$ cat input.cif   # mmCIF, C-alpha atoms
data_my_file
#
loop_
_atom_site.label_atom_id
_atom_site.label_comp_id
_atom_site.auth_asym_id
_atom_site.auth_seq_id
_atom_site.Cartn_x
_atom_site.Cartn_y
_atom_site.Cartn_z
CA MET A 21 -1.41 29.81 6.67
CA ILE A 22 -0.77 27.06 4.15
CA LYS A 23 1.84 24.38 4.82
CA THR A 24 3.47 22.31 2.08
CA ILE A 25 6.14 19.59 2.18
CA LEU A 26 8.68 19.54 -0.66
CA LEU A 27 11.28 16.95 -1.63
CA ASN A 28 14.46 18.77 -0.60
CA ASN A 29 17.02 16.20 -1.78
CA ARG A 30 17.02 12.59 -2.94
CA PRO A 31 17.52 9.99 -0.17
CA ILE A 32 20.61 7.81 -0.20
CA GLY A 33 19.64 4.62 1.58
CA LYS A 34 16.92 5.03 4.18
CA PRO A 35 15.07 8.38 3.97
CA THR A 36 15.47 10.96 6.73
CA VAL A 37 13.47 14.03 7.69
CA SER A 38 16.25 16.17 6.17
CA ASN A 39 15.18 14.91 2.71
CA PHE A 40 12.08 17.07 3.09
CA GLU A 41 11.50 20.82 3.33
CA PHE A 42 8.56 22.43 5.12
CA VAL A 43 7.23 25.61 3.54
CA THR A 44 4.70 27.87 5.26
CA GLU A 45 2.96 30.63 3.30
CA ASP A 46 0.70 33.31 4.70
CA LYS A 47 -1.72 33.60 1.81
CA GLU A 48 -5.24 32.76 0.67
CA LEU A 49 -5.74 30.58 -2.39
CA THR A 50 -8.28 31.66 -5.01
CA ILE A 51 -10.01 29.54 -7.62
CA SER A 52 -11.07 30.14 -11.21
CA LYS A 53 -13.94 28.65 -13.22
CA GLY A 54 -13.80 24.84 -13.19
CA GLU A 55 -11.61 24.68 -10.10
CA ILE A 56 -12.13 23.62 -6.48
CA LEU A 57 -10.30 24.52 -3.29
CA LEU A 58 -9.39 21.54 -1.13
CA GLU A 59 -8.51 21.23 2.53
CA THR A 60 -6.53 18.07 3.33
CA ALA A 61 -8.09 15.67 5.84
CA TYR A 62 -6.03 12.44 5.57
CA VAL A 63 -2.73 11.62 3.87
CA SER A 64 -1.57 8.14 2.90
CA VAL A 65 2.12 7.21 3.22
CA ASP A 66 3.23 4.14 1.28
CA PRO A 67 6.50 2.27 0.66
CA TYR A 68 6.34 2.79 -3.12
CA LEU A 69 6.88 6.53 -2.60
CA ARG A 70 10.53 5.71 -1.82
CA GLY A 71 11.02 4.74 -5.46
CA ARG A 72 9.66 8.07 -6.67
CA MET A 73 12.16 9.89 -4.48
CA SER A 74 15.00 8.44 -6.56
CA ASP A 75 15.64 9.55 -10.13
CA ALA A 76 15.89 5.98 -11.44
CA LYS A 77 13.56 4.87 -14.21
CA SER A 78 10.37 3.32 -12.86
CA TYR A 79 6.69 2.85 -13.67
CA VAL A 80 5.90 6.40 -12.54
CA PRO A 81 8.01 9.55 -13.00
CA PRO A 82 10.24 10.51 -10.05
CA PHE A 83 9.29 13.39 -7.78
CA GLU A 84 10.94 16.65 -8.80
CA LEU A 85 13.26 18.33 -6.32
CA ASN A 86 11.91 21.42 -4.57
CA GLN A 87 8.37 20.45 -5.57
CA PRO A 88 5.58 19.05 -3.36
CA VAL A 89 5.52 15.34 -2.60
CA GLN A 90 2.30 13.63 -3.64
CA SER A 91 0.40 10.59 -2.41
CA GLY A 92 -3.14 9.42 -1.85
CA VAL A 93 -5.14 12.09 -0.03
CA VAL A 94 -8.70 12.54 1.21
CA ALA A 95 -9.66 16.21 1.15
CA LYS A 96 -12.71 18.38 1.78
CA VAL A 97 -14.06 20.81 -0.82
CA ILE A 98 -14.14 24.22 0.88
CA ALA A 99 -14.83 26.33 -2.23
CA SER A 100 -16.04 25.36 -5.70
CA LYS A 101 -16.46 26.80 -9.17
CA ASN A 102 -16.83 23.32 -10.65
CA GLU A 103 -20.38 22.03 -11.14
CA LYS A 104 -19.28 18.45 -10.39
CA PHE A 105 -18.26 19.30 -6.82
CA LYS A 106 -20.01 21.23 -4.08
CA ILE A 107 -18.76 22.69 -0.80
CA GLY A 108 -18.66 19.97 1.84
CA ASP A 109 -17.93 17.12 -0.57
CA TYR A 110 -15.01 14.84 0.27
CA VAL A 111 -12.76 13.56 -2.49
CA SER A 112 -9.83 11.17 -2.80
CA GLY A 113 -6.98 11.16 -5.28
CA MET A 114 -3.28 11.80 -5.82
CA LEU A 115 -2.68 15.22 -4.29
CA ASN A 116 0.15 17.30 -2.83
CA TRP A 117 1.37 17.10 0.74
CA SER A 118 -0.21 20.47 1.45
CA THR A 119 -2.84 21.66 3.92
CA GLN A 120 -4.74 23.41 1.10
CA GLN A 121 -4.54 23.23 -2.69
CA VAL A 122 -6.43 24.06 -5.88
CA SER A 123 -7.58 21.33 -8.26
CA ASN A 124 -9.55 21.15 -11.52
CA GLY A 125 -11.15 17.95 -10.21
CA GLU A 126 -9.50 15.60 -12.70
CA GLY A 127 -8.51 12.27 -11.18
CA LEU A 128 -10.56 12.88 -8.03
CA ASN A 129 -13.33 10.59 -6.79
CA LYS A 130 -16.07 11.60 -4.38
CA VAL A 131 -16.11 9.54 -1.19
CA ASP A 132 -18.89 9.13 1.34
CA GLY A 133 -17.97 9.26 5.01
CA HIS A 134 -21.45 8.02 5.96
CA LYS A 135 -20.92 4.69 4.19
CA ALA A 136 -17.43 4.07 5.61
CA PRO A 137 -14.85 6.09 7.60
CA LEU A 138 -13.04 8.55 5.33
CA SER A 139 -9.67 6.97 6.09
CA THR A 140 -10.79 3.67 4.55
CA TYR A 141 -10.80 5.29 1.10
CA LEU A 142 -7.01 5.42 1.38
CA GLY A 143 -6.87 1.83 2.62
CA VAL A 144 -9.23 -1.10 2.32
CA LEU A 145 -11.60 0.79 -0.04
CA GLY A 146 -8.77 2.58 -1.86
CA MET A 147 -5.54 1.61 -3.58
CA THR A 148 -4.62 -0.76 -0.74
CA GLY A 149 -7.73 -2.87 -1.11
CA LEU A 150 -7.63 -2.70 -4.90
CA THR A 151 -4.00 -3.83 -4.94
CA ALA A 152 -4.75 -6.77 -2.68
CA TYR A 153 -7.90 -7.89 -4.48
CA LEU A 154 -6.77 -7.44 -8.07
CA GLY A 155 -3.25 -8.79 -7.56
CA LEU A 156 -4.61 -11.89 -5.85
CA THR A 157 -7.49 -12.60 -8.22
CA GLU A 158 -6.08 -11.49 -11.57
CA ILE A 159 -2.60 -13.02 -11.24
CA GLY A 160 -3.03 -15.57 -8.44
CA LYS A 161 -6.32 -17.03 -9.67
CA PRO A 162 -6.83 -18.71 -6.27
CA LYS A 163 -8.68 -21.99 -5.94
CA LYS A 164 -10.46 -23.23 -2.83
CA GLY A 165 -8.26 -25.50 -0.74
CA GLU A 166 -4.95 -24.05 -1.93
CA THR A 167 -2.25 -22.64 0.37
CA ILE A 168 -1.06 -19.04 0.14
CA VAL A 169 1.87 -17.37 1.88
CA VAL A 170 1.76 -13.59 2.32
CA SER A 171 4.88 -11.58 3.22
CA GLY A 172 4.51 -8.18 4.85
CA ALA A 173 1.29 -9.75 6.07
CA ALA A 174 0.60 -7.25 8.86
CA GLY A 175 0.90 -4.33 6.45
CA ALA A 176 -1.89 -2.54 4.64
CA VAL A 177 -1.98 -4.74 1.53
CA GLY A 178 -0.89 -8.01 3.11
CA SER A 179 -3.57 -8.00 5.80
CA VAL A 180 -6.29 -7.56 3.17
CA VAL A 181 -4.80 -10.23 0.88
CA GLY A 182 -4.94 -12.77 3.69
CA GLN A 183 -8.55 -11.99 4.51
CA ILE A 184 -9.67 -12.22 0.89
CA ALA A 185 -7.84 -15.54 0.55
CA LYS A 186 -9.72 -16.86 3.60
CA ILE A 187 -13.04 -15.71 2.13
CA LEU A 188 -12.15 -17.64 -1.04
CA GLY A 189 -11.39 -20.80 0.96
CA LEU A 190 -7.59 -20.90 1.07
CA ARG A 191 -5.19 -21.86 3.84
CA VAL A 192 -3.38 -18.62 4.71
CA ILE A 193 0.12 -18.23 6.19
CA GLY A 194 1.38 -14.76 7.05
CA ILE A 195 4.95 -13.58 7.58
CA ALA A 196 5.55 -10.53 9.82
CA GLY A 197 8.20 -9.10 12.13
CA THR A 198 6.86 -9.28 15.70
CA ASP A 199 4.95 -11.76 17.85
CA GLU A 200 2.32 -9.07 18.41
CA LYS A 201 1.74 -8.79 14.66
CA ILE A 202 1.58 -12.57 14.29
CA GLU A 203 -1.07 -12.72 17.01
CA MET A 204 -3.03 -9.97 15.24
CA LEU A 205 -2.88 -11.87 11.93
CA LYS A 206 -4.46 -14.91 13.53
CA SER A 207 -6.90 -13.31 15.97
CA LYS A 208 -8.12 -10.32 13.95
CA PHE A 209 -7.57 -11.29 10.32
CA GLY A 210 -8.17 -15.03 10.51
CA PHE A 211 -4.82 -16.25 9.18
CA ASP A 212 -4.22 -19.95 9.81
CA GLU A 213 -0.52 -19.62 10.65
CA GLY A 214 2.02 -16.86 11.22
CA ILE A 215 5.82 -16.78 11.07
CA ASN A 216 7.94 -14.13 12.83
CA TYR A 217 10.91 -13.66 10.52
CA ASN A 218 12.89 -11.83 13.21
CA THR A 219 12.86 -14.78 15.61
CA THR A 220 12.88 -17.64 13.10
CA LYS A 221 16.35 -19.00 12.38
CA ASP A 222 15.40 -21.20 9.41
CA MET A 223 12.67 -19.60 7.30
CA LYS A 224 12.76 -22.38 4.71
CA ALA A 225 11.99 -25.00 7.38
CA ALA A 226 9.39 -22.80 9.11
CA ILE A 227 7.46 -22.33 5.85
CA ALA A 228 7.62 -26.07 5.17
CA GLU A 229 6.20 -26.76 8.63
CA ALA A 230 3.41 -24.19 8.26
CA ALA A 231 2.57 -25.38 4.74
CA PRO A 232 2.91 -29.19 4.84
CA ASN A 233 1.18 -29.45 1.46
CA GLY A 234 3.45 -26.86 -0.13
CA VAL A 235 2.78 -23.32 -1.33
CA ASP A 236 0.41 -22.74 -4.25
CA LEU A 237 0.40 -18.93 -4.13
CA TYR A 238 2.87 -16.42 -2.77
CA PHE A 239 1.89 -12.75 -2.46
CA ASP A 240 5.23 -10.98 -2.12
CA ASN A 241 5.47 -7.54 -0.53
CA VAL A 242 9.07 -7.70 0.67
CA GLY A 243 11.51 -9.52 -1.63
CA GLY A 244 14.94 -10.54 -0.32
CA PRO A 245 15.80 -13.64 1.76
CA ILE A 246 12.22 -14.18 2.95
CA SER A 247 11.07 -14.61 -0.64
CA ASP A 248 14.03 -16.88 -1.36
CA ALA A 249 12.87 -19.18 1.45
CA VAL A 250 9.35 -19.36 0.02
CA LEU A 251 10.68 -20.49 -3.37
CA PHE A 252 12.02 -23.70 -1.83
CA ASN A 253 8.46 -24.60 -0.85
CA ILE A 254 6.42 -23.80 -3.97
CA ASN A 255 4.26 -26.44 -5.63
CA ARG A 256 3.89 -27.32 -9.28
CA PHE A 257 2.04 -24.56 -11.14
CA ALA A 258 2.50 -22.14 -8.22
CA ARG A 259 1.71 -18.47 -8.85
CA ILE A 260 4.03 -15.85 -7.36
CA ILE A 261 2.56 -12.35 -7.24
CA ILE A 262 5.18 -9.59 -6.93
CA CYS A 263 3.55 -6.54 -5.35
CA GLY A 264 6.53 -4.92 -3.63
CA ALA A 265 10.08 -5.33 -2.35
CA ILE A 266 10.34 -3.12 0.73
CA SER A 267 13.37 -5.06 2.00
CA VAL A 268 15.54 -3.67 -0.81
CA TYR A 269 14.09 -0.19 -1.45
CA ASN A 270 16.78 1.53 0.61
CA GLU A 271 19.74 -0.55 -0.60
CA THR A 272 22.58 1.49 -2.06
CA GLU A 273 24.15 -1.51 -3.80
CA ILE A 274 22.57 -4.12 -6.07
CA PRO A 275 21.10 -6.75 -3.70
CA LYS A 276 22.41 -10.30 -3.95
CA SER A 277 19.69 -12.88 -4.42
CA MET A 278 19.19 -16.42 -5.63
CA SER A 279 18.43 -17.19 -9.24
CA VAL A 280 14.68 -17.77 -9.44
CA GLN A 281 14.70 -19.46 -12.85
CA PRO A 282 15.41 -23.05 -11.65
CA PHE A 283 12.50 -22.86 -9.19
CA LEU A 284 10.14 -21.57 -11.87
CA VAL A 285 11.21 -24.14 -14.48
CA LYS A 286 11.17 -27.10 -12.08
CA ASN A 287 7.67 -26.26 -10.88
CA SER A 288 6.21 -24.77 -14.09
CA ALA A 289 5.52 -21.77 -11.86
CA LEU A 290 4.43 -18.26 -12.77
CA MET A 291 6.04 -15.13 -11.32
CA GLN A 292 4.52 -11.80 -12.28
CA GLY A 293 4.97 -8.27 -11.02
CA PHE A 294 2.20 -5.71 -11.28
CA ILE A 295 1.03 -2.24 -10.45
CA VAL A 296 -2.59 -1.75 -9.58
CA SER A 297 -3.26 0.69 -12.45
CA ASN A 298 -2.79 -2.26 -14.84
CA TYR A 299 -6.32 -3.21 -13.86
CA ALA A 300 -7.92 0.26 -13.79
CA ASP A 301 -10.89 -0.95 -15.84
CA LYS A 302 -11.75 -3.36 -13.03
CA PHE A 303 -11.66 -0.78 -10.20
CA PRO A 304 -15.46 -0.21 -9.99
CA GLU A 305 -16.35 -3.90 -9.64
CA ALA A 306 -13.45 -4.47 -7.24
CA ILE A 307 -14.52 -1.59 -4.96
CA GLN A 308 -18.09 -2.89 -5.02
CA GLN A 309 -16.91 -6.34 -3.95
CA LEU A 310 -14.64 -4.97 -1.20
CA ALA A 311 -17.39 -2.67 0.11
CA GLY A 312 -19.80 -5.60 0.14
CA TRP A 313 -17.45 -7.76 2.18
CA LEU A 314 -16.80 -4.82 4.54
CA ALA A 315 -20.54 -4.29 5.05
CA GLU A 316 -21.01 -8.02 5.71
CA ASP A 317 -18.19 -7.98 8.31
CA LYS A 318 -16.25 -10.51 6.23
CA LEU A 319 -13.46 -7.97 5.85
CA THR A 320 -11.88 -5.83 8.54
CA TYR A 321 -8.87 -3.55 8.68
CA THR A 322 -6.27 -2.04 10.93
CA GLU A 323 -4.95 1.49 10.65
CA THR A 324 -2.01 3.22 12.25
CA ILE A 325 -3.12 6.85 12.38
CA VAL A 326 -0.57 9.55 13.12
CA ASP A 327 -1.85 13.00 14.02
CA GLY A 328 -0.49 16.20 12.52
CA PHE A 329 0.59 17.49 9.11
CA ASP A 330 4.18 18.04 10.30
CA ASN A 331 4.49 14.32 11.07
CA ILE A 332 3.93 13.10 7.51
CA PRO A 333 7.65 12.56 6.67
CA GLN A 334 8.33 10.70 9.93
CA ALA A 335 5.28 8.49 9.42
CA PHE A 336 6.62 7.62 5.96
CA ILE A 337 10.08 6.83 7.37
CA ASP A 338 8.52 4.66 10.10
CA LEU A 339 7.18 2.30 7.41
CA PHE A 340 10.72 1.03 6.87
CA GLU A 341 11.02 0.22 10.58
CA GLY A 342 7.79 -1.79 10.52
CA LYS A 343 6.15 0.58 13.00
CA ASN A 344 2.78 0.37 11.28
CA LYS A 345 0.04 -2.17 11.78
CA GLY A 346 -2.06 -2.18 8.65
CA LYS A 347 -2.43 1.06 6.75
CA MET A 348 -0.30 4.03 7.82
CA ILE A 349 -2.28 7.25 7.58
CA VAL A 350 -1.69 10.80 8.78
CA LYS A 351 -4.73 12.71 10.03
CA ILE A 352 -4.46 16.44 9.48
#
$ encode --input "input.cif" --output "structure tokens"
Amino acid sequence: MIKTILLNNRPIGKPTVSNFEFVTEDKELTISKGEILLETAYVSVDPYLRGRMSDAKSYVPPFELNQPVQSGVVAKVIASKNEKFKIGDYVSGMLNWSTQQVSNGEGLNKVDGHKAPLSTYLGVLGMTGLTAYLGLTEIGKPKKGETIVVSGAAGAVGSVVGQIAKILGLRVIGIAGTDEKIEMLKSKFGFDEGINYNTTKDMKAAIAEAAPNGVDLYFDNVGGPISDAVLFNINRFARIIICGAISVYNETEIPKSMSVQPFLVKNSALMQGFIVSNYADKFPEAIQQLAGWLAEDKLTYTETIVDGFDNIPQAFIDLFEGKNKGKMIVKI
């Protein structure tokens, strides 16, 4: 029995389980020369997938209706007619939300569960870690002694950004949505300060108090009013790294926001958006650095692991409720 999850219809506002269709087929997949048969082990769910569920122009093509949804997946090779892969190998790559599938191996990387847990190749040693490291270093160009604010700080990318910033000698302030997450940022990830945006009435003042010397870098995962409040506190030559905008992904109308230009002009500040594939040529050295820090216990991670293939859509939806700590992964 092979299960697959299709995009049934395009979400309007926040996604629901009804946007997805579950298909079960009683068949055995066969492979031809050059192909491998994969059995899914772990599936990554990420906020950016919401954008691909709309048909608006973006940096990646939208998902097609009545076709499988795709995301980062770790899978086991259970049959092979490709000399590059043998039975028992584990691979990671962009694959279908399906319990089994056939691949020609293109775009897949072998991963070693003996060096690190397999799930980490979807998180701190995968696109999550690469996004954090490359966004921070390539755009932010952090300098020891500077102050960084990270929004969505208890999420998969934000929690890694903060840790890397600490390793590089920065003062790190994280913004998250519960007191429990704020405590985790400080106790587990070594953040200097944390701000709970749900219980803070004046974010502008709270950021000023946490960053008395101003904000040199802002790693933005959320957009919206939180990011507006940070702008009031940026220093001259600040660098603002735009990684995501989860606060507005489900909006059905154009969000109202402040004009950023006066802040950028007044402070000679840089604001730049990015996608991690911009820096694909730097992936090998970045993974080597992240793996080194992980091995040295300078870097740690938190995962929210949901069990069961049928729970993939709900785990994805739960991202928009902030129900994850760190990386949200579904174990099959």
$ residues_around --input "input.cif" --residues "A:Ile195" --least-positions-apart "4" --cutoff "7 Å" --atoms "all atoms listed in the file" --output "ChimeraX atom specification"
/A:170-173,214-217
$ closest_atom_pairs --input "input.cif" --of "stretch 144-176 of chain A" --to "stretch 74-97 of chain A" --cutoff "12 Å" --atoms "only C-alpha atoms" --output "tab-separated table"
residue	atom	partner	partner_atom	distance
A:Gly146	CA	A:Gly92	CA	8.9
A:Met147	CA	A:Gly92	CA	8.4
A:Thr148	CA	A:Gly92	CA	10.3
$ residues_around --input "input.cif" --residues "stretch 33-44 of chain A" --least-positions-apart "5" --cutoff "12 Å" --atoms "all atoms listed in the file" --output "VMD selection string"
chain A and resid 21 to 28 67 69 to 74 83 to 89 117 to 120 266 to 274 329 to 341
$ resolve_selection --input "input.cif" --expression "the PyMOL selection byres ((chain A and resi 297) around 12)" --output "list in words"
Tyr79, Val80, Met147, Thr148, Leu150, Thr151, Leu154, Gly155, Phe294, Ile295, Val296, Asn298, Tyr299, Ala300, Asp301, Lys302 and Phe303 of chain A
$ closest_residue --input "input.cif" --among "A:Ile254, A:Ala196, A:Val144, A:Ala230" --to "A:Ala311" --atoms "all atoms listed in the file"
A:Val144
$ resolve_selection --input "input.cif" --expression "the PyMOL selection byres ((chain A and resi 169) around 7)" --output "mmCIF file with C-alpha atoms, keeping the file's coordinate frame"
data_model
loop_
_atom_site.group_PDB
_atom_site.id
_atom_site.type_symbol
_atom_site.label_atom_id
_atom_site.label_comp_id
_atom_site.auth_asym_id
_atom_site.auth_seq_id
_atom_site.Cartn_x
_atom_site.Cartn_y
_atom_site.Cartn_z
ATOM 1 C CA THR A 167 -2.250 -22.640 0.370
ATOM 2 C CA ILE A 168 -1.060 -19.040 0.140
ATOM 3 C CA VAL A 170 1.760 -13.590 2.320
ATOM 4 C CA SER A 171 4.880 -11.580 3.220
ATOM 5 C CA VAL A 192 -3.380 -18.620 4.710
ATOM 6 C CA ILE A 193 0.120 -18.230 6.190
ATOM 7 C CA GLY A 194 1.380 -14.760 7.050
ATOM 8 C CA VAL A 235 2.780 -23.320 -1.330
ATOM 9 C CA LEU A 237 0.400 -18.930 -4.130
ATOM 10 C CA TYR A 238 2.870 -16.420 -2.770
ATOM 11 C CA PHE A 239 1.890 -12.750 -2.460
#
$ atom_distance --input "input.cif" --atom1 "atom CA of A:Lys345" --atom2 "atom CA of A:Ile307"
22.2 Å
$ atom_distance --input "input.cif" --atom1 "atom CA of A:Gly342" --atom2 "atom CA of A:Ala152"
18.9 Å
$ closest_residue --input "input.cif" --among "A:Met348, A:Asn241, A:Lys53, A:Ser247" --to "A:Ala265" --atoms "all atoms listed in the file"
A:Asn241
$ residues_near_point --input "input.cif" --point "(-12.1, 13.7, -11.5)" --cutoff "12 Å" --atoms "only C-alpha atoms" --output "PyMOL selection string"
chain A and resi 54-56+102-105+111-115+123-131
$ atom_distance --input "input.cif" --atom1 "atom CA of A:Phe283" --atom2 "atom CA of A:Leu251"
6.5 Å
$ residues_near_point --input "input.cif" --point "(-10.9, -20.3, 1.2)" --cutoff "8 Å" --atoms "only C-alpha atoms" --output "list of chain:residue names"
A:Lys163, A:Lys164, A:Gly165, A:Glu166, A:Ala185, A:Lys186, A:Ile187, A:Leu188, A:Gly189, A:Leu190, A:Arg191
